[in-house]
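Data file: input-v6.csv. Format and content: CSV, C-alpha atoms.
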```csv
chain,number,residue,atom,x,y,z
M,126,MET,CA,0.0,0.0,0.0
M,127,LYS,CA,2.8,2.3,1.0
M,128,ALA,CA,4.7,1.4,-2.2
M,129,MET,CA,1.6,2.1,-4.2
M,130,MET,CA,1.2,5.5,-2.7
M,131,ILE,CA,4.9,6.3,-3.4
M,132,SER,CA,4.4,5.2,-7.0
M,133,ILE,CA,1.3,7.4,-7.4
M,134,ALA,CA,3.2,10.3,-5.8
M,135,ALA,CA,6.1,9.8,-8.3
M,136,LEU,CA,3.7,9.7,-11.2
M,137,VAL,CA,2.0,12.9,-10.1
M,138,ALA,CA,5.4,14.5,-9.7
M,139,CYS,CA,6.3,13.5,-13.2
M,140,GLY,CA,3.2,15.0,-14.5
M,141,SER,CA,1.5,11.7,-15.2
M,142,PRO,CA,-2.3,11.7,-15.0
M,143,LEU,CA,-3.9,10.4,-11.7
M,144,PRO,CA,-5.5,7.0,-11.9
M,145,PRO,CA,-9.4,7.0,-11.9
M,146,LYS,CA,-11.1,6.4,-8.5
M,147,GLU,CA,-12.3,3.0,-9.8
M,148,LEU,CA,-8.7,1.9,-10.3
M,149,VAL,CA,-7.6,3.2,-6.9
M,150,ASP,CA,-10.5,1.4,-5.2
M,151,ALA,CA,-9.8,-1.8,-7.2
M,152,ARG,CA,-6.1,-1.8,-6.1
M,153,GLU,CA,-7.0,-1.3,-2.5
M,154,ALA,CA,-9.8,-3.9,-2.6
M,155,TYR,CA,-7.4,-6.4,-4.2
M,156,LEU,CA,-4.7,-5.9,-1.5
M,157,LYS,CA,-7.3,-6.3,1.2
M,158,ALA,CA,-8.8,-9.4,-0.4
M,159,GLN,CA,-5.4,-11.1,-0.5
M,160,SER,CA,-5.4,-11.3,3.3
M,161,GLY,CA,-9.1,-12.2,3.6
M,162,PRO,CA,-11.2,-15.4,3.3
M,163,ALA,CA,-11.1,-15.1,-0.6
M,164,GLN,CA,-7.5,-16.1,-0.6
M,165,LYS,CA,-8.1,-19.1,1.5
M,166,PHE,CA,-11.5,-20.3,0.2
M,167,VAL,CA,-11.7,-19.1,-3.4
M,168,PRO,CA,-8.2,-18.5,-4.7
M,169,ALA,CA,-9.2,-19.2,-8.3
M,170,GLU,CA,-11.8,-16.4,-8.2
M,171,LEU,CA,-9.4,-14.1,-6.6
M,172,HIS,CA,-6.9,-14.9,-9.4
M,173,VAL,CA,-9.4,-14.1,-12.0
M,174,ALA,CA,-10.1,-10.8,-10.3
M,175,GLY,CA,-6.4,-10.1,-10.2
M,176,GLU,CA,-6.2,-10.7,-14.0
M,177,SER,CA,-9.0,-8.2,-14.4
M,178,LEU,CA,-7.0,-5.7,-12.4
M,179,ALA,CA,-4.0,-6.3,-14.6
M,180,VAL,CA,-6.2,-5.6,-17.7
M,181,ALA,CA,-7.4,-2.3,-16.0
M,182,GLU,CA,-3.8,-1.4,-15.2
M,183,LYS,CA,-2.8,-2.0,-18.8
M,184,ALA,CA,-5.7,0.0,-20.1
M,185,PHE,CA,-4.7,2.9,-17.8
M,186,THR,CA,-1.1,2.6,-19.0
M,187,ASP,CA,-2.2,2.6,-22.6
M,188,ASP,CA,-4.5,5.5,-22.4
M,189,ALA,CA,-5.0,7.0,-18.9
M,190,LYS,CA,-7.8,9.3,-19.9
M,191,SER,CA,-9.9,6.8,-21.9
M,192,GLN,CA,-13.3,5.6,-20.8
M,193,ASP,CA,-12.2,2.0,-21.4
M,194,ALA,CA,-9.6,2.4,-18.7
M,195,ILE,CA,-12.3,3.6,-16.3
M,196,ASP,CA,-14.6,0.8,-17.4
M,197,ASP,CA,-11.9,-1.9,-17.0
M,198,ALA,CA,-11.1,-0.5,-13.5
M,199,TYR,CA,-14.9,-0.6,-12.6
M,200,ILE,CA,-15.1,-4.2,-13.8
M,201,ALA,CA,-11.9,-5.2,-12.0
M,202,LEU,CA,-13.3,-3.7,-8.8
M,203,ARG,CA,-16.6,-5.6,-9.2
M,204,LYS,CA,-14.7,-8.9,-9.8
M,205,ILE,CA,-12.6,-8.3,-6.7
M,206,GLN,CA,-15.7,-7.5,-4.7
M,207,ARG,CA,-17.3,-10.6,-6.1
M,208,ALA,CA,-14.3,-12.8,-5.1
M,209,VAL,CA,-14.5,-11.3,-1.6
M,210,ALA,CA,-18.2,-12.0,-1.3
M,211,LEU,CA,-17.7,-15.6,-2.6
M,212,GLY,CA,-14.8,-16.0,-0.1
M,213,GLU,CA,-17.1,-14.8,2.7
M,214,ALA,CA,-19.8,-17.2,1.5
M,215,ALA,CA,-17.4,-20.1,1.5
M,216,GLU,CA,-16.1,-19.1,4.9
M,217,ALA,CA,-19.7,-19.1,6.2
M,218,GLU,CA,-20.5,-22.4,4.6
M,219,ASP,CA,-17.4,-23.8,6.3
M,220,ALA,CA,-18.5,-22.4,9.6
M,221,LYS,CA,-22.0,-23.9,9.0
M,222,THR,CA,-20.4,-27.3,8.2
M,223,ARG,CA,-18.4,-27.2,11.5
M,224,ALA,CA,-21.4,-26.1,13.5
M,225,ASP,CA,-23.6,-28.9,12.0
M,226,ARG,CA,-20.8,-31.4,12.8
M,227,GLU,CA,-20.7,-30.0,16.4
M,228,ALA,CA,-24.4,-30.1,16.7
M,229,GLY,CA,-24.4,-33.7,15.6
M,230,ARG,CA,-21.7,-34.5,18.1
M,231,THR,CA,-23.6,-32.7,20.8
M,232,GLN,CA,-26.8,-34.5,19.9
M,233,ARG,CA,-25.0,-37.9,20.0
M,234,GLU,CA,-23.5,-37.0,23.4
M,235,MET,CA,-26.9,-36.0,24.7
M,236,LEU,CA,-28.5,-39.2,23.3
M,237,SER,CA,-25.8,-41.2,24.9
M,238,SER,CA,-26.3,-39.5,28.2
M,239,GLU,CA,-30.0,-40.0,28.0
M,240,GLU,CA,-29.5,-43.7,27.2
M,241,GLN,CA,-27.2,-44.0,30.2
M,242,LYS,CA,-29.8,-42.4,32.4
M,243,LEU,CA,-32.4,-44.6,30.9
M,244,ARG,CA,-30.3,-47.7,31.5
M,245,ALA,CA,-29.7,-46.6,35.1
M,246,THR,CA,-33.4,-46.0,35.6
M,247,GLN,CA,-34.2,-49.4,34.1
M,248,GLY,CA,-31.7,-51.0,36.4
M,249,GLU,CA,-33.1,-49.3,39.4
M,250,LEU,CA,-36.6,-50.2,38.3
M,251,ALA,CA,-35.6,-53.9,37.9
M,252,LYS,CA,-34.0,-53.8,41.4
M,253,GLU,CA,-37.2,-52.2,42.8
M,254,ARG,CA,-39.3,-54.8,41.0
M,255,GLU,CA,-37.1,-57.6,42.3
M,256,SER,CA,-37.3,-56.1,45.8
M,257,VAL,CA,-41.1,-55.8,45.6
M,258,GLU,CA,-41.4,-59.3,44.3
M,259,LYS,CA,-39.1,-60.6,47.1
M,260,ALA,CA,-41.1,-58.8,49.7
M,261,ARG,CA,-44.3,-60.1,48.2
M,262,GLU,CA,-43.0,-63.7,48.3
M,263,GLU,CA,-41.8,-63.2,51.9
M,264,THR,CA,-45.2,-61.8,52.8
M,265,ALA,CA,-46.9,-64.7,51.1
M,266,ALA,CA,-44.5,-67.1,52.8
M,267,GLU,CA,-45.1,-65.5,56.2
M,268,HIS,CA,-48.8,-65.5,55.6
M,269,ALA,CA,-48.7,-69.2,54.7
M,270,ALA,CA,-46.5,-70.0,57.7
M,271,ARG,CA,-48.9,-68.1,60.0
M,272,LEU,CA,-51.9,-69.9,58.6
M,273,ALA,CA,-50.1,-73.2,59.0
M,274,ALA,CA,-49.1,-72.3,62.6
M,275,GLU,CA,-52.6,-71.2,63.4
M,276,LYS,CA,-54.0,-74.4,61.9
M,277,LYS,CA,-51.5,-76.5,63.8
M,278,ALA,CA,-52.4,-74.6,67.0
M,279,GLN,CA,-56.1,-75.0,66.4
M,280,ASP,CA,-55.6,-78.7,65.6
M,281,ALA,CA,-53.6,-79.1,68.8
M,282,MET,CA,-56.3,-77.3,70.8
M,283,ASP,CA,-59.0,-79.4,69.1
M,284,ALA,CA,-57.2,-82.6,69.9
M,285,LEU,CA,-56.8,-81.4,73.5
M,286,ALA,CA,-60.5,-80.6,73.7
M,287,LYS,CA,-61.3,-84.2,73.1
M,288,THR,CA,-59.8,-85.2,76.4
M,289,LEU,CA,-59.8,-82.0,78.5
M,290,ALA,CA,-62.2,-79.2,79.1
M,291,VAL,CA,-61.3,-76.4,76.8
M,292,ARG,CA,-63.4,-73.3,76.4
M,293,LYS,CA,-63.2,-69.8,75.1
M,294,GLU,CA,-63.7,-66.9,77.5
M,295,ASP,CA,-63.0,-63.2,77.4
M,296,ARG,CA,-59.7,-63.7,79.2
M,297,GLY,CA,-58.6,-66.3,76.5
M,298,THR,CA,-58.8,-70.0,75.9
M,299,VAL,CA,-59.1,-71.8,79.2
M,300,ILE,CA,-57.9,-75.4,79.6
M,301,THR,CA,-59.1,-77.0,82.9
M,302,LEU,CA,-57.4,-79.9,84.5
M,303,SER,CA,-59.0,-81.7,87.4
M,304,GLY,CA,-57.1,-81.4,90.7
M,305,GLY,CA,-58.1,-84.9,91.6
M,306,VAL,CA,-56.3,-86.3,88.5
M,307,LEU,CA,-53.2,-84.1,88.9
M,308,PHE,CA,-52.5,-84.3,92.6
M,309,ALA,CA,-53.1,-86.4,95.7
M,310,THR,CA,-55.1,-84.8,98.4
M,311,GLY,CA,-53.2,-82.0,100.1
M,312,LYS,CA,-50.2,-82.5,97.9
M,313,ALA,CA,-48.5,-80.6,95.1
M,314,ASP,CA,-46.6,-83.4,93.4
M,315,ILE,CA,-47.9,-84.3,90.0
M,316,LEU,CA,-49.2,-87.8,89.9
M,317,PRO,CA,-47.7,-90.1,87.3
M,318,GLY,CA,-51.1,-90.8,85.9
M,319,ALA,CA,-51.5,-87.1,85.0
M,320,GLN,CA,-48.4,-86.9,82.9
M,321,THR,CA,-50.1,-88.0,79.7
M,322,GLN,CA,-52.6,-85.1,80.0
M,323,LEU,CA,-49.9,-82.6,80.8
M,324,ASN,CA,-47.8,-83.8,78.0
M,325,GLN,CA,-50.7,-83.2,75.6
M,326,VAL,CA,-51.1,-79.7,77.1
M,327,ALA,CA,-47.4,-79.0,76.7
M,328,GLU,CA,-47.5,-80.0,73.0
M,329,ALA,CA,-50.6,-77.8,72.5
M,330,LEU,CA,-49.0,-74.8,74.2
M,331,LYS,CA,-45.8,-75.1,72.2
M,332,THR,CA,-47.9,-74.6,69.0
M,333,GLN,CA,-48.9,-71.2,70.4
M,334,ALA,CA,-45.5,-69.9,71.3
M,335,GLU,CA,-46.5,-66.3,70.5
M,336,HIS,CA,-49.0,-66.2,73.4
M,337,HIS,CA,-48.6,-65.9,77.1
M,338,PHE,CA,-50.0,-68.5,79.5
M,339,THR,CA,-51.2,-68.2,83.0
M,340,VAL,CA,-51.4,-71.3,85.2
M,341,THR,CA,-53.8,-70.8,88.2
M,342,GLY,CA,-54.3,-73.2,91.0
M,343,HIS,CA,-57.7,-73.5,92.7
M,344,THR,CA,-58.9,-75.4,95.8
M,345,ASP,CA,-62.3,-76.2,97.4
M,346,ASN,CA,-63.2,-74.4,100.6
M,347,GLN,CA,-62.1,-77.2,102.9
M,348,GLY,CA,-59.4,-75.9,105.2
M,349,THR,CA,-58.1,-72.5,105.9
M,350,ASP,CA,-57.5,-69.8,103.3
M,351,ALA,CA,-53.8,-69.8,104.2
M,352,ILE,CA,-53.5,-73.5,103.5
M,353,ASN,CA,-55.6,-73.3,100.4
M,354,ASP,CA,-53.7,-70.3,99.0
M,355,ASP,CA,-50.4,-72.0,99.6
M,356,LEU,CA,-51.5,-75.3,98.2
M,357,SER,CA,-53.0,-73.7,95.1
M,358,THR,CA,-49.8,-71.7,94.5
M,359,ARG,CA,-47.6,-74.8,94.8
M,360,ARG,CA,-49.8,-76.8,92.5
M,361,ALA,CA,-49.8,-74.0,90.0
M,362,ASN,CA,-46.1,-73.8,90.1
M,363,ALA,CA,-45.8,-77.6,89.8
M,364,VAL,CA,-47.8,-77.5,86.7
M,365,ARG,CA,-45.9,-74.6,85.3
M,366,ASP,CA,-42.5,-76.3,86.0
M,367,TYR,CA,-43.7,-79.5,84.4
M,368,LEU,CA,-44.7,-77.6,81.3
M,369,VAL,CA,-41.4,-75.7,81.1
M,370,VAL,CA,-39.5,-78.9,81.5
M,371,HIS,CA,-41.6,-80.3,78.6
M,372,GLY,CA,-40.7,-77.4,76.2
M,373,VAL,CA,-42.9,-74.5,77.0
M,374,SER,CA,-40.9,-71.3,77.2
M,375,ALA,CA,-40.3,-70.2,80.8
M,376,ASP,CA,-40.7,-66.6,79.8
M,377,ALA,CA,-44.1,-67.2,78.4
M,378,ILE,CA,-45.7,-68.8,81.4
M,379,THR,CA,-46.5,-67.6,84.9
M,380,ALA,CA,-48.3,-69.3,87.8
M,381,GLN,CA,-50.5,-68.1,90.6
M,382,GLY,CA,-52.6,-69.6,93.4
M,383,MET,CA,-56.1,-68.5,93.8
M,384,GLY,CA,-57.0,-70.7,96.8
M,385,SER,CA,-60.7,-71.2,97.1
M,386,HIS,CA,-61.6,-67.7,96.1
M,387,GLN,CA,-62.9,-68.4,92.5
M,388,PRO,CA,-65.1,-71.5,92.8
M,389,VAL,CA,-66.9,-72.7,89.7
M,390,ALA,CA,-69.3,-75.0,91.5
M,391,ASP,CA,-71.1,-75.4,94.8
M,392,ASN,CA,-68.7,-76.3,97.6
M,393,HIS,CA,-71.6,-77.9,99.6
M,394,THR,CA,-71.5,-81.0,97.5
M,395,ALA,CA,-68.7,-83.4,96.9
M,396,GLU,CA,-69.2,-83.1,93.2
M,397,GLY,CA,-69.0,-79.3,93.4
M,398,ARG,CA,-65.9,-79.4,95.5
M,399,ALA,CA,-64.3,-81.8,93.1
M,400,MET,CA,-64.9,-79.4,90.3
M,401,ASN,CA,-63.5,-76.5,92.3
M,402,ARG,CA,-60.3,-78.4,92.9
M,403,ARG,CA,-58.6,-77.7,89.6
M,404,VAL,CA,-55.8,-76.1,87.7
M,405,GLU,CA,-56.6,-73.7,84.8
M,406,ILE,CA,-54.2,-72.8,82.1
M,407,VAL,CA,-55.3,-69.6,80.3
M,408,VAL,CA,-54.0,-68.8,76.9
M,409,ASP,CA,-53.9,-65.0,76.6
M,410,PRO,CA,-55.8,-64.0,73.4
M,411,ASP,CA,-53.2,-61.3,72.7
M,412,LYS,CA,-49.8,-62.2,71.3
M,413,ARG,CA,-46.8,-61.4,73.4
G,160,MET,CA,-9.6,-3.9,-58.1
G,161,SER,CA,-6.8,-5.0,-55.9
G,162,LYS,CA,-7.1,-7.7,-53.2
G,163,THR,CA,-6.4,-5.1,-50.5
G,164,LEU,CA,-9.3,-2.9,-51.6
G,165,ILE,CA,-11.6,-5.9,-51.7
G,166,TRP,CA,-10.6,-6.7,-48.1
G,167,PHE,CA,-11.2,-3.1,-47.0
G,168,PHE,CA,-14.8,-3.0,-48.4
G,169,ALA,CA,-15.6,-6.4,-47.0
G,170,THR,CA,-14.4,-5.6,-43.5
G,171,ALA,CA,-16.2,-2.2,-43.6
G,172,LEU,CA,-19.4,-4.0,-44.5
G,173,ALA,CA,-19.0,-6.5,-41.8
G,174,PHE,CA,-18.5,-3.9,-39.0
G,175,GLY,CA,-21.3,-1.6,-40.0
G,176,CYS,CA,-19.4,0.8,-42.1
G,177,GLY,CA,-16.4,1.4,-39.7
G,178,GLY,CA,-18.0,0.6,-36.2
G,179,ALA,CA,-17.7,-2.5,-33.9
G,180,PRO,CA,-20.1,-5.3,-34.4
G,181,LYS,CA,-23.3,-5.6,-32.3
G,182,PRO,CA,-22.2,-7.3,-29.0
G,183,GLU,CA,-24.5,-10.2,-29.3
G,184,ALA,CA,-22.5,-12.6,-27.0
G,185,ARG,CA,-22.2,-10.0,-24.3
G,186,LEU,CA,-25.9,-9.1,-24.5
G,187,SER,CA,-26.7,-12.8,-24.0
G,188,SER,CA,-24.2,-13.4,-21.2
G,189,ASP,CA,-25.3,-10.2,-19.4
G,190,GLU,CA,-28.9,-11.2,-19.6
G,191,GLY,CA,-28.0,-14.5,-18.1
G,192,ALA,CA,-26.1,-12.9,-15.3
G,193,ILE,CA,-29.0,-10.6,-14.4
G,194,ARG,CA,-31.5,-13.5,-14.5
G,195,GLY,CA,-29.1,-15.6,-12.4
G,196,ALA,CA,-28.8,-12.8,-9.8
G,197,LYS,CA,-32.6,-12.5,-9.6
G,198,GLU,CA,-33.0,-16.2,-9.2
G,199,GLY,CA,-30.3,-16.3,-6.6
G,200,GLY,CA,-32.3,-14.0,-4.4
G,201,ALA,CA,-30.4,-10.7,-5.1
G,202,ASP,CA,-33.8,-8.9,-4.9
G,203,ASN,CA,-34.1,-9.8,-1.2
G,204,VAL,CA,-30.7,-8.7,0.0
G,205,PRO,CA,-30.2,-4.9,0.2
G,206,GLU,CA,-26.6,-4.6,-1.0
G,207,ALA,CA,-27.2,-7.2,-3.7
G,208,GLN,CA,-30.3,-5.4,-4.8
G,209,LEU,CA,-28.3,-2.2,-5.3
G,210,GLU,CA,-25.8,-4.0,-7.6
G,211,LEU,CA,-28.7,-5.6,-9.5
G,212,THR,CA,-30.3,-2.2,-10.0
G,213,LEU,CA,-27.0,-0.9,-11.3
G,214,ALA,CA,-26.7,-3.9,-13.6
G,215,THR,CA,-30.2,-3.3,-15.0
G,216,GLU,CA,-29.6,0.4,-15.5
G,217,GLN,CA,-26.3,-0.2,-17.3
G,218,ARG,CA,-27.8,-2.8,-19.5
G,219,GLN,CA,-30.5,-0.3,-20.5
G,220,LYS,CA,-27.7,2.3,-21.3
G,221,ALA,CA,-26.0,-0.4,-23.4
G,222,LEU,CA,-29.2,-1.0,-25.3
G,223,ASP,CA,-29.5,2.7,-26.0
G,224,LEU,CA,-25.9,2.9,-27.2
G,225,ILE,CA,-26.6,0.0,-29.6
G,226,GLN,CA,-29.5,1.9,-30.9
G,227,SER,CA,-27.3,4.9,-31.5
G,228,GLY,CA,-24.7,2.7,-33.2
G,229,ASP,CA,-21.9,2.9,-30.6
G,230,ASN,CA,-21.4,-0.9,-30.2
G,231,HIS,CA,-18.0,-0.6,-28.6
G,232,ARG,CA,-19.3,1.6,-25.7
G,233,ALA,CA,-22.3,-0.7,-25.5
G,234,GLU,CA,-20.1,-3.7,-25.1
G,235,MET,CA,-18.2,-2.1,-22.3
G,236,MET,CA,-21.4,-1.0,-20.6
G,237,LEU,CA,-22.7,-4.6,-20.9
G,238,ALA,CA,-19.4,-5.8,-19.4
G,239,ARG,CA,-20.0,-3.5,-16.4
G,240,SER,CA,-23.6,-4.6,-16.2
G,241,GLU,CA,-22.5,-8.3,-16.2
G,242,ALA,CA,-19.9,-7.6,-13.5
G,243,ASP,CA,-22.5,-5.9,-11.3
G,244,ALA,CA,-25.0,-8.8,-11.8
G,245,GLU,CA,-22.4,-11.4,-10.9
G,246,LEU,CA,-21.4,-9.3,-7.8
G,247,ALA,CA,-25.1,-9.1,-6.9
G,248,LEU,CA,-25.4,-12.9,-7.1
G,249,ALA,CA,-22.2,-13.4,-5.0
G,250,LEU,CA,-23.5,-10.9,-2.3
G,251,ALA,CA,-26.9,-12.8,-2.2
G,252,ARG,CA,-25.1,-16.1,-1.8
G,253,ALA,CA,-22.8,-14.7,1.0
G,254,ALA,CA,-25.8,-13.2,2.9
G,255,ALA,CA,-27.7,-16.5,2.7
G,256,ALA,CA,-24.6,-18.5,3.7
G,257,LYS,CA,-23.9,-16.2,6.6
G,258,ALA,CA,-27.6,-16.5,7.8
G,259,ASP,CA,-27.4,-20.3,7.5
G,260,ALA,CA,-24.1,-20.4,9.5
G,261,GLN,CA,-25.6,-18.1,12.2
G,262,ARG,CA,-28.6,-20.4,12.5
G,263,ALA,CA,-26.4,-23.4,12.8
G,264,GLU,CA,-24.2,-21.8,15.4
G,265,ASP,CA,-27.3,-20.7,17.4
G,266,SER,CA,-28.6,-24.2,17.2
G,267,VAL,CA,-25.3,-25.6,18.6
G,268,GLU,CA,-25.4,-23.1,21.5
G,269,SER,CA,-29.0,-24.0,22.2
G,270,LEU,CA,-28.1,-27.7,22.2
G,271,LYS,CA,-25.2,-27.1,24.5
G,272,ARG,CA,-27.4,-25.2,26.9
G,273,LYS,CA,-29.8,-28.0,26.9
G,274,ALA,CA,-27.0,-30.6,27.4
G,275,ASP,CA,-25.8,-28.6,30.4
G,276,GLN,CA,-29.2,-28.5,32.1
```
Represent the structure contained in this file as structure tokens.
Amino acid sequence: MKAMMISIAALVACGSPLPPKELVDAREAYLKAQSGPAQKFVPAELHVAGESLAVAEKAFTDDAKSQDAIDDAYIALRKIQRAVALGEAAEAEDAKTRADREAGRTQREMLSSEEQKLRATQGELAKERESVEKAREETAAEHAARLAAEKKAQDAMDALAKTLAVRKEDRGTVITLSGGVLFATGKADILPGAQTQLNQVAEALKTQAEHHFTVTGHTDNQGTDAINDDLSTRRANAVRDYLVVHGVSADAITAQGMGSHQPVADNHTAEGRAMNRRVEIVVDPDKR
Amino acid sequence: MSKTLIWFFATALAFGCGGAPKPEARLSSDEGAIRGAKEGGADNVPEAQLELTLATEQRQKALDLIQSGDNHRAEMMLARSEADAELALALARAAAAKADAQRAEDSVESLKRKADQ
């Protein structure tokens, strides 16, 4: 540019005519275009424009004042501008291609990320489903086990009811054992003949391990309360101990003597007194 | 009549009694360039539209010059018109390409924002 200005100044100094504005503009535009996108993207178009500029320069050299020189410079300028525009178009197309490629890459990355999330969610769902299924199976198994246990308990109580007095009351299922069968008069030692019954009771209670049992000893009203209270307590404890020895949990069973305070029959008759001499085992209706 | 004289008269006849021939080829190529610029959307891009207007005006001047018998000036005017029309088409292409590139870049930015969310 500087060299061009010097040349122009020299020409002016020598009295040569000034180049037309079109030629000056074309020269500047060409110089600028050589460092722009046209040089990189459309070098052939820029070369053609350069040839047009050479034609314009020659026309100016041949006849500086001719209209042809102005026209050729005008045409050269347009061709240079065209090369610049085409260079910019190619540069924009290149930018678009890169952007499209990047968009594709970003979309693929997003898709991949979504797929990973989906797989993770699917995995979590599968685990959740497995967990729910397992819980359902466990619940079903527990339910079945409970039903089986309840049936077993009921069967045991039904079997017991065939040989012993078993009845349902508000305080629970009450198993009544005759005192005359269990103990000798005035004693608290279990008679050998009572062991079969007690063994049956122990087996039945073991099927209801979730419940609490209360063994209560009762006497008739013969003798003093002190004697009867003590006797009934010892008898209740004897039965409790026997049942514990035969597999009933010690934590689940308690014993107490009620003496003659809770008769179930008339103490004026021998039959009534026999009924009052008894041991009751109450199965608590609530679970422990 | 000498051979040289015959050549002189023949040439004069061919060039319209001393003038340049009617620039048929340039008329045709200029017409094609103007049509191409219009089809390329030059009418819709302000800077391209200006060049297209110049091209059309100069073509009209060229037609007037042909009418008045100045075929040489007409040819130069047509060359200017054609250069203007070709520039108009290039400007239209550049504007469209730049708009496409901008849209593509905006789309990438939008995707990246989505991906970051």
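Using all atoms listed in the file, we find that the part of chain M lying within 8 Å of chain G comprises M:Asp193, M:Asp196, M:Tyr199, M:Ile200, M:Arg203, M:Lys204, M:Gln206, M:Arg207, M:Ala208, M:Ala210, M:Leu211, M:Glu213, M:Ala214, M:Ala215, M:Ala217, M:Glu218, M:Ala220, M:Lys221, M:Thr222, M:Ala224, M:Asp225, M:Glu227, M:Ala228, M:Thr231, M:Gln232, M:Met235.
The space between atom CA of G:Thr215 and atom CA of G:Glu198 spans 14.4 Å.
Counting from atom CA of M:Ala269, the distance to atom CA of M:Gln325 is 25.2 Å.
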Distance query stretch 169-171 of chain M at most 9 Å, all atoms listed in the file, self and fewer than 3 positions along chain excluded, as a PDB file with C-alpha atoms, in the coordinates of the input:
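So around22.pdb came out as:
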```
ATOM      1  CA  TYR M 155      -7.400  -6.400  -4.200  1.00  0.00           C
ATOM      2  CA  ALA M 158      -8.800  -9.400  -0.400  1.00  0.00           C
ATOM      3  CA  GLN M 159      -5.400 -11.100  -0.500  1.00  0.00           C
ATOM      4  CA  ALA M 163     -11.100 -15.100  -0.600  1.00  0.00           C
ATOM      5  CA  GLN M 164      -7.500 -16.100  -0.600  1.00  0.00           C
ATOM      6  CA  PHE M 166     -11.500 -20.300   0.200  1.00  0.00           C
ATOM      7  CA  ALA M 174     -10.100 -10.800 -10.300  1.00  0.00           C
ATOM      8  CA  GLY M 175      -6.400 -10.100 -10.200  1.00  0.00           C
ATOM      9  CA  GLU M 176      -6.200 -10.700 -14.000  1.00  0.00           C
ATOM     10  CA  LYS M 204     -14.700  -8.900  -9.800  1.00  0.00           C
ATOM     11  CA  ILE M 205     -12.600  -8.300  -6.700  1.00  0.00           C
ATOM     12  CA  ARG M 207     -17.300 -10.600  -6.100  1.00  0.00           C
ATOM     13  CA  ALA M 208     -14.300 -12.800  -5.100  1.00  0.00           C
ATOM     14  CA  VAL M 209     -14.500 -11.300  -1.600  1.00  0.00           C
ATOM     15  CA  LEU M 211     -17.700 -15.600  -2.600  1.00  0.00           C
ATOM     16  CA  GLY M 212     -14.800 -16.000  -0.100  1.00  0.00           C
TER      17      GLY M 212
END
```
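Atom CA of G:Ala196 is found 26.5 Å from atom CA of M:Gln192.
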Atom completion result for stretch 304-315 of chain M (N, CA and C atoms) as a short mmCIF file (atom, residue, chain, number, x, y, z; two decimals), keeping the file's coordinate frame:
```cif
data_model
loop_
_atom_site.label_atom_id
_atom_site.label_comp_id
_atom_site.auth_asym_id
_atom_site.auth_seq_id
_atom_site.Cartn_x
_atom_site.Cartn_y
_atom_site.Cartn_z
N GLY M 304 -58.12 -81.25 89.60
CA GLY M 304 -57.10 -81.40 90.70
C GLY M 304 -56.99 -82.80 91.13
N GLY M 305 -58.10 -83.52 91.09
CA GLY M 305 -58.10 -84.90 91.60
C GLY M 305 -57.21 -85.78 90.69
N VAL M 306 -57.11 -85.45 89.43
CA VAL M 306 -56.30 -86.30 88.50
C VAL M 306 -54.82 -85.90 88.66
N LEU M 307 -54.57 -84.61 88.91
CA LEU M 307 -53.20 -84.10 88.90
C LEU M 307 -52.46 -84.44 90.24
N PHE M 308 -53.18 -84.27 91.33
CA PHE M 308 -52.50 -84.30 92.60
C PHE M 308 -53.23 -85.23 93.62
N ALA M 309 -52.45 -85.73 94.55
CA ALA M 309 -53.10 -86.40 95.70
C ALA M 309 -53.60 -85.38 96.64
N THR M 310 -54.52 -85.74 97.50
CA THR M 310 -55.10 -84.80 98.40
C THR M 310 -54.08 -84.09 99.26
N GLY M 311 -54.13 -82.77 99.31
CA GLY M 311 -53.20 -82.00 100.10
C GLY M 311 -51.80 -81.91 99.60
N LYS M 312 -51.53 -82.50 98.40
CA LYS M 312 -50.20 -82.50 97.90
C LYS M 312 -50.04 -81.65 96.62
N ALA M 313 -48.79 -81.37 96.31
CA ALA M 313 -48.50 -80.60 95.10
C ALA M 313 -47.60 -81.29 94.15
N ASP M 314 -47.49 -82.59 94.33
CA ASP M 314 -46.60 -83.40 93.40
C ASP M 314 -47.51 -83.98 92.34
N ILE M 315 -47.10 -83.82 91.15
CA ILE M 315 -47.90 -84.30 90.00
C ILE M 315 -47.90 -85.83 90.01
#
```
